[in-house]
Amino acid sequence: MTREQMDFLHGIVAELMALPGKKVVWAQQNMPRLCRPFATLQLFGKRYEKSEELRPTGPGQYKVVVPMTCTLAVQYFGEDAARHLETMTTGFSRPTIVDRCFAAKVAVYDAEGTTDLSGLLEGQTWEERAAVDLHVRFNSEADDNPGYIESVVIEADIEKHLPQDTVIEPNPDERPETGTGDEEETSAGSGGEPSPPADEGKSDETEYYIDTVQVDGIFD
């Protein structure tokens, strides 16, 4: 999560709880204890929701986007602590707040129940305190420049081998008819010798097609 997104969450939480910005601080830092009322924020439990996505931004340039989720723990110290947290949690469902979160590229999509942590402070002073965990989604983004392949040069010798055997067979459905036996008997001439076929001397008009081609050779 970027610093800008953290600042946005800080500001929106302070606004929904009606606290000045200086009364909402990030936890686990060295600072004097604030006067009540005040609130603390803490981010933890960051994890990936799905695998990364590569979005091209230019030639050989990508933006690596990883959807992530985390937990934002909010604690309120002061009078009516639980009520302030419940008001804040409900506020994240307002359309105007949802649109502002969308513009900041974050989404508060769920919340746990509010826990009342009120008790004696150092055994002497009663302190009202409550906590709630908000579930936040955001994208972790990083720029990458792996480059790109501008041109490819291939140097190789390709030898072509002609087919050694080519078998051409006529189409059996298109073979010329030779006539009937009766016609062959009456085709003999006066000299007793059979007459030549009627189509002798004519060009062969039968159509042929390539049925099988056998190629022996390897293209290197």
# chains A, B, ... in the order shown; residues from 1 in each chain; ligands from 1
call {"tool": "residues_around", "arguments": {"residues": "range 73-75 of chain A", "least_positions_apart": "2", "cutoff": "10 Å", "atoms": "only C-alpha atoms", "output": "ChimeraX atom specification"}}
result
/A:13,24-27,38-44,70-71,77-78,81-82,85,88,111-112,114-117,129-135
call {"tool": "atom_distance", "arguments": {"atom1": "CA of Met1 in chain A", "atom2": "CA of Asn139 in chain A"}}
result
7.4 Å
call {"tool": "atom_distance", "arguments": {"atom1": "CA of Glu127 in chain A", "atom2": "CA of Gly113 in chain A"}}
result
20.1 Å
call {"tool": "residues_around", "arguments": {"residues": "Phe102 in chain A", "least_positions_apart": "4", "cutoff": "12 Å", "atoms": "only C-alpha atoms", "output": "ChimeraX atom specification"}}
result
/A:5,8-9,92,95-98,106-109,136-139
call {"tool": "write_last_selection", "arguments": {"atoms": "all heavy atoms", "output": "compact mmCIF listing (two decimals), in the first residue's frame"}}
result
# COMPACT_ATOMS: atom_id res chain seq x y z
N GLN A 5 -2.24 6.14 -0.25
CA GLN A 5 -3.41 5.36 0.16
C GLN A 5 -3.53 5.31 1.68
O GLN A 5 -4.64 5.35 2.22
CB GLN A 5 -3.32 3.96 -0.44
CG GLN A 5 -3.50 3.93 -1.95
CD GLN A 5 -3.23 2.57 -2.55
OE1 GLN A 5 -2.39 1.80 -2.05
NE2 GLN A 5 -3.91 2.25 -3.64
N PHE A 8 -4.94 8.53 2.76
CA PHE A 8 -6.37 8.60 2.46
C PHE A 8 -7.18 7.87 3.53
O PHE A 8 -8.19 8.40 4.02
CB PHE A 8 -6.65 8.00 1.09
CG PHE A 8 -8.11 7.80 0.82
CD1 PHE A 8 -8.91 8.85 0.43
CD2 PHE A 8 -8.70 6.53 0.97
CE1 PHE A 8 -10.27 8.67 0.19
CE2 PHE A 8 -10.04 6.34 0.73
CZ PHE A 8 -10.84 7.42 0.34
N LEU A 9 -6.76 6.66 3.91
CA LEU A 9 -7.48 5.91 4.94
C LEU A 9 -7.46 6.66 6.27
O LEU A 9 -8.46 6.69 7.00
CB LEU A 9 -6.86 4.52 5.10
CG LEU A 9 -7.10 3.55 3.94
CD1 LEU A 9 -6.32 2.25 4.17
CD2 LEU A 9 -8.58 3.24 3.79
N PHE A 92 -18.71 3.62 5.66
CA PHE A 92 -18.02 3.09 4.49
C PHE A 92 -18.98 2.50 3.46
O PHE A 92 -18.55 2.15 2.36
CB PHE A 92 -16.99 2.04 4.91
CG PHE A 92 -15.70 2.62 5.38
CD1 PHE A 92 -15.35 2.60 6.72
CD2 PHE A 92 -14.82 3.20 4.49
CE1 PHE A 92 -14.16 3.13 7.17
CE2 PHE A 92 -13.61 3.74 4.92
CZ PHE A 92 -13.28 3.71 6.27
N PRO A 95 -22.61 5.82 -0.60
CA PRO A 95 -22.13 5.90 -2.00
C PRO A 95 -21.03 6.93 -2.20
O PRO A 95 -20.09 6.68 -2.97
CB PRO A 95 -23.39 6.26 -2.79
CG PRO A 95 -24.51 5.75 -1.94
CD PRO A 95 -24.07 5.93 -0.52
N THR A 96 -21.11 8.08 -1.54
CA THR A 96 -20.08 9.09 -1.73
C THR A 96 -18.73 8.61 -1.20
O THR A 96 -17.68 8.87 -1.80
CB THR A 96 -20.48 10.39 -1.03
OG1 THR A 96 -20.80 10.12 0.35
CG2 THR A 96 -21.70 11.00 -1.70
N ILE A 97 -18.75 7.88 -0.07
CA ILE A 97 -17.50 7.35 0.49
C ILE A 97 -16.95 6.25 -0.40
O ILE A 97 -15.73 6.15 -0.63
CB ILE A 97 -17.72 6.84 1.92
CG1 ILE A 97 -18.24 7.98 2.81
CG2 ILE A 97 -16.45 6.25 2.49
CD1 ILE A 97 -17.29 9.15 2.92
N VAL A 98 -17.84 5.41 -0.94
CA VAL A 98 -17.40 4.34 -1.85
C VAL A 98 -16.73 4.93 -3.09
O VAL A 98 -15.69 4.43 -3.55
CB VAL A 98 -18.60 3.45 -2.24
CG1 VAL A 98 -18.20 2.45 -3.33
CG2 VAL A 98 -19.14 2.71 -1.02
N VAL A 106 -8.64 2.01 -3.34
CA VAL A 106 -8.77 1.14 -2.17
C VAL A 106 -10.25 0.81 -2.01
O VAL A 106 -11.11 1.53 -2.53
CB VAL A 106 -8.22 1.78 -0.88
CG1 VAL A 106 -6.73 2.03 -0.99
CG2 VAL A 106 -8.96 3.07 -0.56
N ALA A 107 -10.54 -0.26 -1.31
CA ALA A 107 -11.93 -0.65 -1.06
C ALA A 107 -12.02 -1.27 0.33
O ALA A 107 -11.34 -2.25 0.62
CB ALA A 107 -12.41 -1.64 -2.12
N VAL A 108 -12.87 -0.69 1.16
CA VAL A 108 -13.18 -1.27 2.48
C VAL A 108 -14.43 -2.11 2.27
O VAL A 108 -15.54 -1.60 2.24
CB VAL A 108 -13.39 -0.17 3.54
CG1 VAL A 108 -13.69 -0.81 4.90
CG2 VAL A 108 -12.16 0.73 3.64
N TYR A 109 -14.25 -3.40 2.10
CA TYR A 109 -15.34 -4.26 1.64
C TYR A 109 -16.00 -5.06 2.75
O TYR A 109 -17.05 -5.67 2.54
CB TYR A 109 -14.84 -5.22 0.57
CG TYR A 109 -13.82 -6.22 1.05
CD1 TYR A 109 -14.20 -7.48 1.52
CD2 TYR A 109 -12.47 -5.91 1.05
CE1 TYR A 109 -13.26 -8.41 1.95
CE2 TYR A 109 -11.53 -6.82 1.48
CZ TYR A 109 -11.93 -8.05 1.93
OH TYR A 109 -10.98 -8.96 2.38
N VAL A 136 -9.57 -4.47 3.87
CA VAL A 136 -9.28 -3.51 2.80
C VAL A 136 -8.63 -4.22 1.63
O VAL A 136 -7.75 -5.07 1.82
CB VAL A 136 -8.35 -2.38 3.32
CG1 VAL A 136 -8.11 -1.35 2.23
CG2 VAL A 136 -8.95 -1.73 4.56
N ARG A 137 -9.08 -3.88 0.43
CA ARG A 137 -8.45 -4.37 -0.80
C ARG A 137 -7.73 -3.21 -1.49
O ARG A 137 -8.18 -2.07 -1.48
CB ARG A 137 -9.49 -4.94 -1.77
CG ARG A 137 -9.97 -6.34 -1.43
CD ARG A 137 -10.70 -6.97 -2.61
NE ARG A 137 -11.18 -8.30 -2.32
CZ ARG A 137 -12.45 -8.60 -2.03
NH1 ARG A 137 -13.34 -7.63 -2.01
NH2 ARG A 137 -12.80 -9.83 -1.77
N PHE A 138 -6.61 -3.55 -2.12
CA PHE A 138 -5.84 -2.57 -2.89
C PHE A 138 -4.95 -3.32 -3.85
O PHE A 138 -4.81 -4.55 -3.78
CB PHE A 138 -5.01 -1.67 -1.96
CG PHE A 138 -3.95 -2.41 -1.19
CD1 PHE A 138 -2.63 -2.43 -1.63
CD2 PHE A 138 -4.27 -3.10 -0.02
CE1 PHE A 138 -1.66 -3.12 -0.92
CE2 PHE A 138 -3.30 -3.79 0.68
CZ PHE A 138 -1.99 -3.80 0.24
N ASN A 139 -4.34 -2.59 -4.77
CA ASN A 139 -3.42 -3.18 -5.75
C ASN A 139 -1.99 -2.77 -5.42
O ASN A 139 -1.71 -1.59 -5.21
CB ASN A 139 -3.76 -2.73 -7.17
CG ASN A 139 -5.01 -3.39 -7.70
OD1 ASN A 139 -5.38 -4.47 -7.28
ND2 ASN A 139 -5.67 -2.72 -8.64
call {"tool": "residues_around", "arguments": {"residues": "Thr87 in chain A", "least_positions_apart": "3", "cutoff": "8 Å", "atoms": "only C-alpha atoms", "output": "list of chain:residue names"}}
result
A:Leu16, A:Met17, A:Arg83, A:His84, A:Thr90, A:Gly91
